[in-house]
file start_36.cif (mmCIF, C-alpha atoms)
data_entry
loop_
_atom_site.label_atom_id
_atom_site.label_comp_id
_atom_site.auth_asym_id
_atom_site.auth_seq_id
_atom_site.Cartn_x
_atom_site.Cartn_y
_atom_site.Cartn_z
CA MET A 12 -13.60 -9.25 -14.97
CA ALA A 13 -17.31 -9.41 -14.15
CA ASP A 14 -17.51 -13.21 -14.42
CA THR A 15 -13.95 -14.06 -13.33
CA ILE A 16 -12.34 -13.77 -9.92
CA ALA A 17 -9.47 -11.31 -10.17
CA ASN A 18 -5.90 -12.44 -9.38
CA ILE A 19 -3.90 -9.86 -7.41
CA LEU A 20 -0.15 -10.01 -6.74
CA SER A 21 1.57 -8.43 -3.75
CA ILE A 22 5.31 -7.74 -3.92
CA ALA A 23 6.21 -6.94 -0.33
CA GLY A 24 7.83 -7.96 2.94
CA SER A 25 6.58 -10.44 5.52
CA ASP A 26 5.18 -9.68 8.97
CA PRO A 27 5.24 -12.82 11.16
CA SER A 28 2.67 -11.31 13.53
CA GLY A 29 0.20 -11.19 10.63
CA GLY A 30 -0.89 -7.57 10.85
CA ALA A 31 1.03 -5.93 8.02
CA GLY A 32 3.05 -6.83 4.93
CA ILE A 33 2.06 -9.71 2.70
CA GLN A 34 -0.01 -11.28 5.46
CA ALA A 35 -2.24 -8.20 5.57
CA ASP A 36 -2.24 -8.03 1.78
CA LEU A 37 -3.44 -11.61 1.36
CA LYS A 38 -6.15 -11.13 3.98
CA THR A 39 -7.28 -7.96 2.21
CA PHE A 40 -7.34 -9.61 -1.21
CA ALA A 41 -9.50 -12.42 0.19
CA ALA A 42 -11.81 -10.03 2.05
CA ARG A 43 -12.34 -8.07 -1.19
CA GLY A 44 -13.30 -11.21 -3.10
CA THR A 45 -10.10 -11.71 -5.09
CA TYR A 46 -7.38 -14.37 -5.29
CA GLY A 47 -4.14 -13.28 -3.67
CA MET A 48 -0.52 -14.11 -4.53
CA ALA A 49 2.68 -12.91 -2.88
CA VAL A 50 6.30 -12.34 -3.87
CA LEU A 51 8.54 -11.86 -0.84
CA THR A 52 11.11 -9.07 -0.83
CA ALA A 53 12.12 -9.28 2.83
CA LEU A 54 11.60 -11.22 6.02
CA THR A 55 11.11 -9.19 9.17
CA ALA A 56 11.27 -10.07 12.83
CA GLN A 57 8.44 -8.01 14.27
CA ASN A 58 5.30 -7.99 16.35
CA THR A 59 2.73 -5.40 17.37
CA GLN A 60 5.39 -3.56 19.39
CA GLY A 61 7.88 -3.01 16.58
CA VAL A 62 10.49 -4.37 14.19
CA SER A 63 13.63 -5.97 15.60
CA GLY A 64 15.23 -7.27 12.41
CA VAL A 65 15.06 -7.35 8.61
CA HIS A 66 16.49 -10.03 6.30
CA LEU A 67 16.46 -9.16 2.60
CA VAL A 68 15.63 -11.64 -0.14
CA PRO A 69 18.31 -11.65 -2.89
CA PRO A 70 17.15 -9.44 -5.79
CA ALA A 71 17.59 -12.23 -8.34
CA PHE A 72 15.29 -14.45 -6.30
CA VAL A 73 12.70 -11.66 -6.08
CA ALA A 74 12.83 -11.47 -9.87
CA ALA A 75 12.54 -15.27 -10.14
CA GLN A 76 9.40 -15.26 -8.00
CA ILE A 77 7.80 -12.58 -10.17
CA ALA A 78 8.76 -14.36 -13.38
CA ASP A 79 7.28 -17.67 -12.25
CA VAL A 80 3.98 -16.08 -11.25
CA PHE A 81 3.59 -14.24 -14.54
CA SER A 82 4.65 -17.25 -16.61
CA ASP A 83 1.71 -19.27 -15.28
CA VAL A 84 -0.98 -17.02 -13.80
CA ARG A 85 -3.07 -14.17 -15.23
CA VAL A 86 -2.30 -11.16 -13.02
CA ASP A 87 -5.00 -8.47 -12.94
CA ALA A 88 -3.27 -5.97 -10.62
CA VAL A 89 -0.09 -5.60 -8.59
CA LYS A 90 0.51 -4.04 -5.20
CA ILE A 91 4.12 -3.11 -4.34
CA GLY A 92 4.94 -2.65 -0.68
CA MET A 93 8.24 -2.97 1.17
CA ILE A 94 11.11 -2.79 -1.34
CA ALA A 95 13.94 -2.62 1.23
CA SER A 96 16.93 -1.99 -1.10
CA ALA A 97 17.89 -0.21 -4.31
CA GLU A 98 18.81 -3.55 -5.89
CA ILE A 99 15.38 -5.00 -5.15
CA ALA A 100 13.73 -1.87 -6.54
CA GLU A 101 15.70 -2.35 -9.74
CA ALA A 102 14.77 -6.06 -9.94
CA VAL A 103 11.07 -5.29 -9.48
CA ALA A 104 11.16 -2.46 -12.04
CA VAL A 105 12.84 -4.65 -14.67
CA SER A 106 10.46 -7.54 -13.95
CA LEU A 107 7.41 -5.33 -14.49
CA SER A 108 8.80 -3.29 -17.39
CA SER A 109 6.93 -5.23 -20.07
CA ARG A 110 3.59 -5.30 -18.23
CA ARG A 111 2.05 -2.31 -19.96
CA GLY A 112 -1.46 -1.40 -18.84
CA LEU A 113 -1.32 -3.53 -15.69
CA PRO A 114 -2.66 -1.60 -12.67
CA ILE A 115 0.18 -1.10 -10.16
CA VAL A 116 -0.42 0.30 -6.68
CA LEU A 117 2.81 1.51 -5.06
CA ASP A 118 2.78 1.86 -1.28
CA PRO A 119 6.15 3.41 -0.32
CA VAL A 120 6.73 1.55 2.96
CA MET A 121 9.51 3.47 4.69
CA VAL A 122 8.90 3.46 8.45
CA ALA A 123 7.29 0.79 10.63
CA LYS A 124 4.47 1.70 13.02
CA GLY A 125 6.93 1.56 15.92
CA GLY A 126 9.30 4.00 14.20
CA ALA A 127 11.94 1.66 12.73
CA SER A 128 13.31 2.68 9.33
CA LEU A 129 12.54 0.11 6.64
CA LEU A 130 14.09 1.82 3.61
CA ALA A 131 17.65 3.10 3.17
CA GLN A 132 18.17 6.44 1.41
CA GLU A 133 19.60 4.84 -1.73
CA ALA A 134 16.51 2.62 -1.87
CA VAL A 135 14.27 5.70 -1.61
CA GLU A 136 16.10 7.21 -4.57
CA ALA A 137 15.80 3.99 -6.60
CA LEU A 138 12.11 3.69 -5.78
CA THR A 139 11.55 7.29 -6.86
CA ARG A 140 13.50 6.92 -10.10
CA ARG A 141 12.50 3.39 -11.18
CA LEU A 142 9.12 2.54 -9.67
CA LEU A 143 7.17 5.79 -9.31
CA PRO A 144 6.89 6.27 -13.10
CA ARG A 145 5.35 2.78 -13.40
CA ALA A 146 2.70 3.29 -10.73
CA THR A 147 -0.98 3.63 -11.53
CA VAL A 148 -1.31 5.19 -8.09
CA LEU A 149 1.15 6.05 -5.32
CA THR A 150 -0.29 5.78 -1.78
CA PRO A 151 1.98 7.53 0.75
CA ASN A 152 1.06 8.72 4.21
CA LEU A 153 2.22 12.17 5.31
CA PRO A 154 5.66 11.10 6.64
CA GLU A 155 6.31 9.06 3.49
CA ALA A 156 5.28 11.94 1.23
CA ALA A 157 7.60 14.26 3.13
CA ALA A 158 10.48 11.78 2.80
CA LEU A 159 9.93 11.39 -0.95
CA LEU A 160 9.92 15.18 -1.38
CA GLY A 161 12.72 15.87 1.10
CA GLU A 162 10.73 18.31 3.23
CA ALA A 163 8.54 18.66 6.32
CA GLU A 164 5.20 16.88 6.65
CA ALA A 165 2.03 18.62 5.54
CA THR A 166 -0.02 19.82 8.51
CA ASP A 167 -3.26 20.84 6.77
CA ARG A 168 -5.32 20.16 3.65
CA ALA A 169 -3.68 22.89 1.62
CA GLY A 170 -0.28 21.37 2.33
CA MET A 171 -1.57 17.93 1.39
CA GLU A 172 -2.88 19.21 -1.93
CA ASP A 173 0.44 20.88 -2.71
CA GLN A 174 2.49 17.79 -1.87
CA ALA A 175 0.13 15.48 -3.76
CA ARG A 176 0.53 17.60 -6.90
CA ARG A 177 4.31 17.63 -6.61
CA LEU A 178 4.44 13.88 -6.04
CA LEU A 179 2.35 13.52 -9.18
CA ALA A 180 5.08 15.37 -11.06
CA LEU A 181 7.53 12.58 -10.14
CA GLY A 182 5.80 10.24 -12.56
CA PRO A 183 2.91 8.19 -11.11
CA LYS A 184 -0.41 8.44 -12.94
CA ALA A 185 -2.14 9.35 -9.67
CA VAL A 186 -1.35 9.98 -6.00
CA LEU A 187 -3.56 9.10 -3.03
CA LEU A 188 -2.08 11.05 -0.11
CA LYS A 189 -3.37 9.73 3.21
CA GLY A 190 -4.14 12.23 5.96
CA GLY A 191 -4.27 9.92 8.95
CA HIS A 192 -1.39 11.82 10.59
CA LEU A 193 -3.20 15.17 10.49
CA PRO A 194 -4.20 16.61 13.87
CA GLY A 195 -7.87 16.64 14.77
CA THR A 196 -10.85 14.33 14.58
CA GLU A 197 -10.88 13.81 10.82
CA SER A 198 -8.81 11.46 8.65
CA PRO A 199 -9.14 12.71 5.05
CA ASP A 200 -7.29 11.43 1.98
CA VAL A 201 -6.77 13.33 -1.26
CA LEU A 202 -6.55 11.72 -4.70
CA ALA A 203 -4.55 13.76 -7.21
CA THR A 204 -4.72 13.05 -10.92
CA PRO A 205 -3.45 15.27 -13.76
CA ASP A 206 -6.85 16.90 -14.16
CA ARG A 207 -8.38 17.05 -10.67
CA LEU A 208 -8.21 16.65 -6.90
CA HIS A 209 -10.76 14.49 -5.08
CA TRP A 210 -11.14 14.35 -1.29
CA PHE A 211 -12.26 11.24 0.59
CA GLU A 212 -13.53 12.12 4.02
CA GLY A 213 -13.17 9.98 7.13
CA VAL A 214 -13.65 10.17 10.87
CA ARG A 215 -10.70 9.25 13.07
CA VAL A 216 -11.27 6.12 15.16
CA LEU A 217 -9.64 6.26 18.58
CA THR A 218 -7.82 2.93 18.75
CA ARG A 219 -4.27 1.60 18.93
CA ASN A 220 -5.20 -1.12 16.44
CA THR A 221 -3.84 0.48 13.28
CA HIS A 222 -0.99 -1.92 12.44
CA GLY A 223 -1.06 -2.60 8.72
CA THR A 224 -3.50 0.17 7.79
CA GLY A 225 -1.39 1.44 4.88
CA CYS A 226 -0.61 -2.06 3.57
CA SER A 227 -4.28 -2.98 3.67
CA LEU A 228 -5.53 0.20 2.03
CA SER A 229 -3.15 -0.13 -0.92
CA SER A 230 -4.04 -3.82 -1.25
CA ALA A 231 -7.75 -3.05 -1.24
CA ILE A 232 -7.22 -0.49 -4.01
CA ALA A 233 -5.28 -3.07 -6.04
CA ALA A 234 -8.06 -5.62 -5.55
CA GLU A 235 -10.71 -3.17 -6.73
CA LEU A 236 -8.64 -2.08 -9.73
CA GLY A 237 -8.12 -5.75 -10.59
CA LYS A 238 -11.89 -6.18 -10.59
CA GLY A 239 -12.15 -3.42 -13.17
CA ARG A 240 -13.26 -0.45 -11.06
CA THR A 241 -12.12 3.07 -11.81
CA LEU A 242 -9.41 4.51 -9.58
CA ALA A 243 -11.81 6.89 -7.80
CA ASP A 244 -14.29 4.09 -7.14
CA ALA A 245 -11.51 1.73 -6.06
CA ALA A 246 -10.14 4.31 -3.61
CA ALA A 247 -13.60 5.00 -2.18
CA ALA A 248 -14.33 1.29 -1.70
CA ALA A 249 -10.92 0.72 -0.14
CA LYS A 250 -11.29 3.61 2.32
CA SER A 251 -14.72 2.35 3.37
CA PHE A 252 -13.30 -1.14 3.88
CA ILE A 253 -10.42 0.14 6.01
CA ALA A 254 -12.75 2.31 8.09
CA GLY A 255 -14.82 -0.76 8.94
CA ALA A 256 -11.72 -2.85 9.65
CA VAL A 257 -10.35 -0.22 12.07
CA ARG A 258 -13.73 0.42 13.68
CA THR A 259 -14.20 -3.28 14.51
CA SER A 260 -10.55 -4.04 15.35
CA ASP A 261 -11.26 -4.28 19.08
CA ALA A 262 -13.01 -7.58 18.35
CA LEU A 263 -9.50 -9.02 17.97
CA SER A 264 -7.01 -9.52 20.78
CA VAL A 265 -3.56 -9.63 19.16
CA GLY A 266 -0.45 -8.42 20.95
CA SER A 267 0.14 -5.60 23.40
CA GLY A 268 1.20 -2.82 21.01
CA HIS A 269 -0.41 -1.55 17.82
CA GLY A 270 -2.87 -4.34 17.06
CA PRO A 271 -4.05 -5.33 13.57
CA LEU A 272 -7.19 -4.40 11.69
CA HIS A 273 -10.16 -6.75 11.50
CA HIS A 274 -9.87 -7.59 7.81
CA PHE A 275 -12.82 -9.97 7.87
CA HIS A 276 -15.21 -7.75 9.79
CA ALA A 277 -17.85 -8.05 7.08
CA LEU A 278 -17.54 -11.85 6.87
CA TRP A 279 -17.14 -13.13 10.43
CA THR A 280 -20.04 -13.17 12.88
#
call {"tool": "encode", "arguments": {"input": "start_36.cif", "output": "structure tokens"}}
result
Amino acid sequence: MADTIANILSIAGSDPSGGAGIQADLKTFAARGTYGMAVLTALTAQNTQGVSGVHLVPPAFVAAQIADVFSDVRVDAVKIGMIASAEIAEAVAVSLSSRRGLPIVLDPVMVAKGGASLLAQEAVEALTRRLLPRATVLTPNLPEAAALLGEAEATDRAGMEDQARRLLALGPKAVLLKGGHLPGTESPDVLATPDRLHWFEGVRVLTRNTHGTGCSLSSAIAAELGKGRTLADAAAAAKSFIAGAVRTSDALSVGSGHGPLHHFHALWT
């Protein structure tokens, strides 16, 4: 991929306020120097204060979108975000079943920043059974990891390591468990692979502008994998990118709730 711009596909829901979902994914792909594409799984009515409604795209139409992209465009990596229903999870799994070796980053979007549930229990089960085994890397935060495992959230690094290992046993090739919900001044993430654990350190930024952080991190990882980087290098680059986007987010003035990241902090002056 050294001489070719990577093409990255997001399969996710829409955020009309532009901070999360496919809007954040496309901004991230562009900021990381890749060409972004998007398959819609759901429309949401939301802003920086929360989600007020969700309208699902019919599963067959989700599959049709994926098929048309792959029939015409070279896809170098896929990011999967909001799945929304068991039927959509099945449609996505079937659509990607023949894409062996394609990097797939699975971000298990379950709860919106304002607390609204975005994934029914049967969809969680379908995601776990059908999509986790296809993932190159799973990127849950602490509440999402707890929901996938059916237990309480980890509250320290030892708990994170334990949950990351047990999520790995569900089938993904790797797990990046995000520690942004830990108490304290640090925001560490742990990458679990079958042969090692690797910690990525971070300092917590005191800001309300964190809308779309998880979407953007997983998209940045997909972009870097699509460019040919190793998973560890992709995760490190993505975490650095997100740290800068959060740190400079106050340059934007969007909404009165949890504002978005500054995806183009390194490009705009």
call {"tool": "resolve_selection", "arguments": {"input": "start_36.cif", "expression": "the PyMOL selection byres ((chain A and resi 99) around 9)", "output": "list in words"}}
result
Thr52, Leu67, Val68, Pro69, Pro70, Ala71, Val73, Ala74, Ile94, Ala95, Ser96, Ala97, Glu98, Ala100, Glu101, Ala102, Val103, Ala104 and Ala134 of chain A
call {"tool": "residues_around", "arguments": {"input": "start_36.cif", "residues": "A:Lys184", "least_positions_apart": "5", "cutoff": "12 Å", "atoms": "all atoms listed in the file", "output": "count of residues only"}}
result
25
call {"tool": "closest_residue", "arguments": {"input": "start_36.cif", "among": "A:Gly195, A:His209, A:Gln174, A:Asn18", "to": "A:Tyr46", "atoms": "only C-alpha atoms"}}
result
A:Asn18
call {"tool": "atom_distance", "arguments": {"input": "start_36.cif", "atom1": "atom CA of A:Thr218", "atom2": "atom CA of A:Ser267"}}
result
12.6 Å
call {"tool": "residues_around", "arguments": {"input": "start_36.cif", "residues": "A:Asp36", "least_positions_apart": "4", "cutoff": "7 Å", "atoms": "only C-alpha atoms", "output": "ChimeraX atom specification"}}
result
/A:21,32,40,226-227,230
call {"tool": "resolve_selection", "arguments": {"input": "start_36.cif", "expression": "the PyMOL selection byres ((chain A and resi 157-173) around 12)", "output": "PyMOL selection string"}}
result
chain A and resi 118-122+128+130-140+143+149-156+174-181+186-195+197-204+207-212
call {"tool": "atom_distance", "arguments": {"input": "start_36.cif", "atom1": "atom CA of A:Gln76", "atom2": "atom CA of A:His222"}}
result
26.5 Å
call {"tool": "atom_distance", "arguments": {"input": "start_36.cif", "atom1": "atom CA of A:Thr280", "atom2": "atom CA of A:Asp14"}}
result
27.4 Å
call {"tool": "closest_residue", "arguments": {"input": "start_36.cif", "among": "A:Val89, A:Leu217, A:Leu272, A:Val50", "to": "A:Thr196", "atoms": "all atoms listed in the file"}}
result
A:Leu217
call {"tool": "resolve_selection", "arguments": {"input": "start_36.cif", "expression": "the PyMOL selection byres ((chain A and resi 19) around 7)", "output": "number ranges by chain"}}
result
A: 17-18, 20-21, 45-48, 86-89, 234, 237
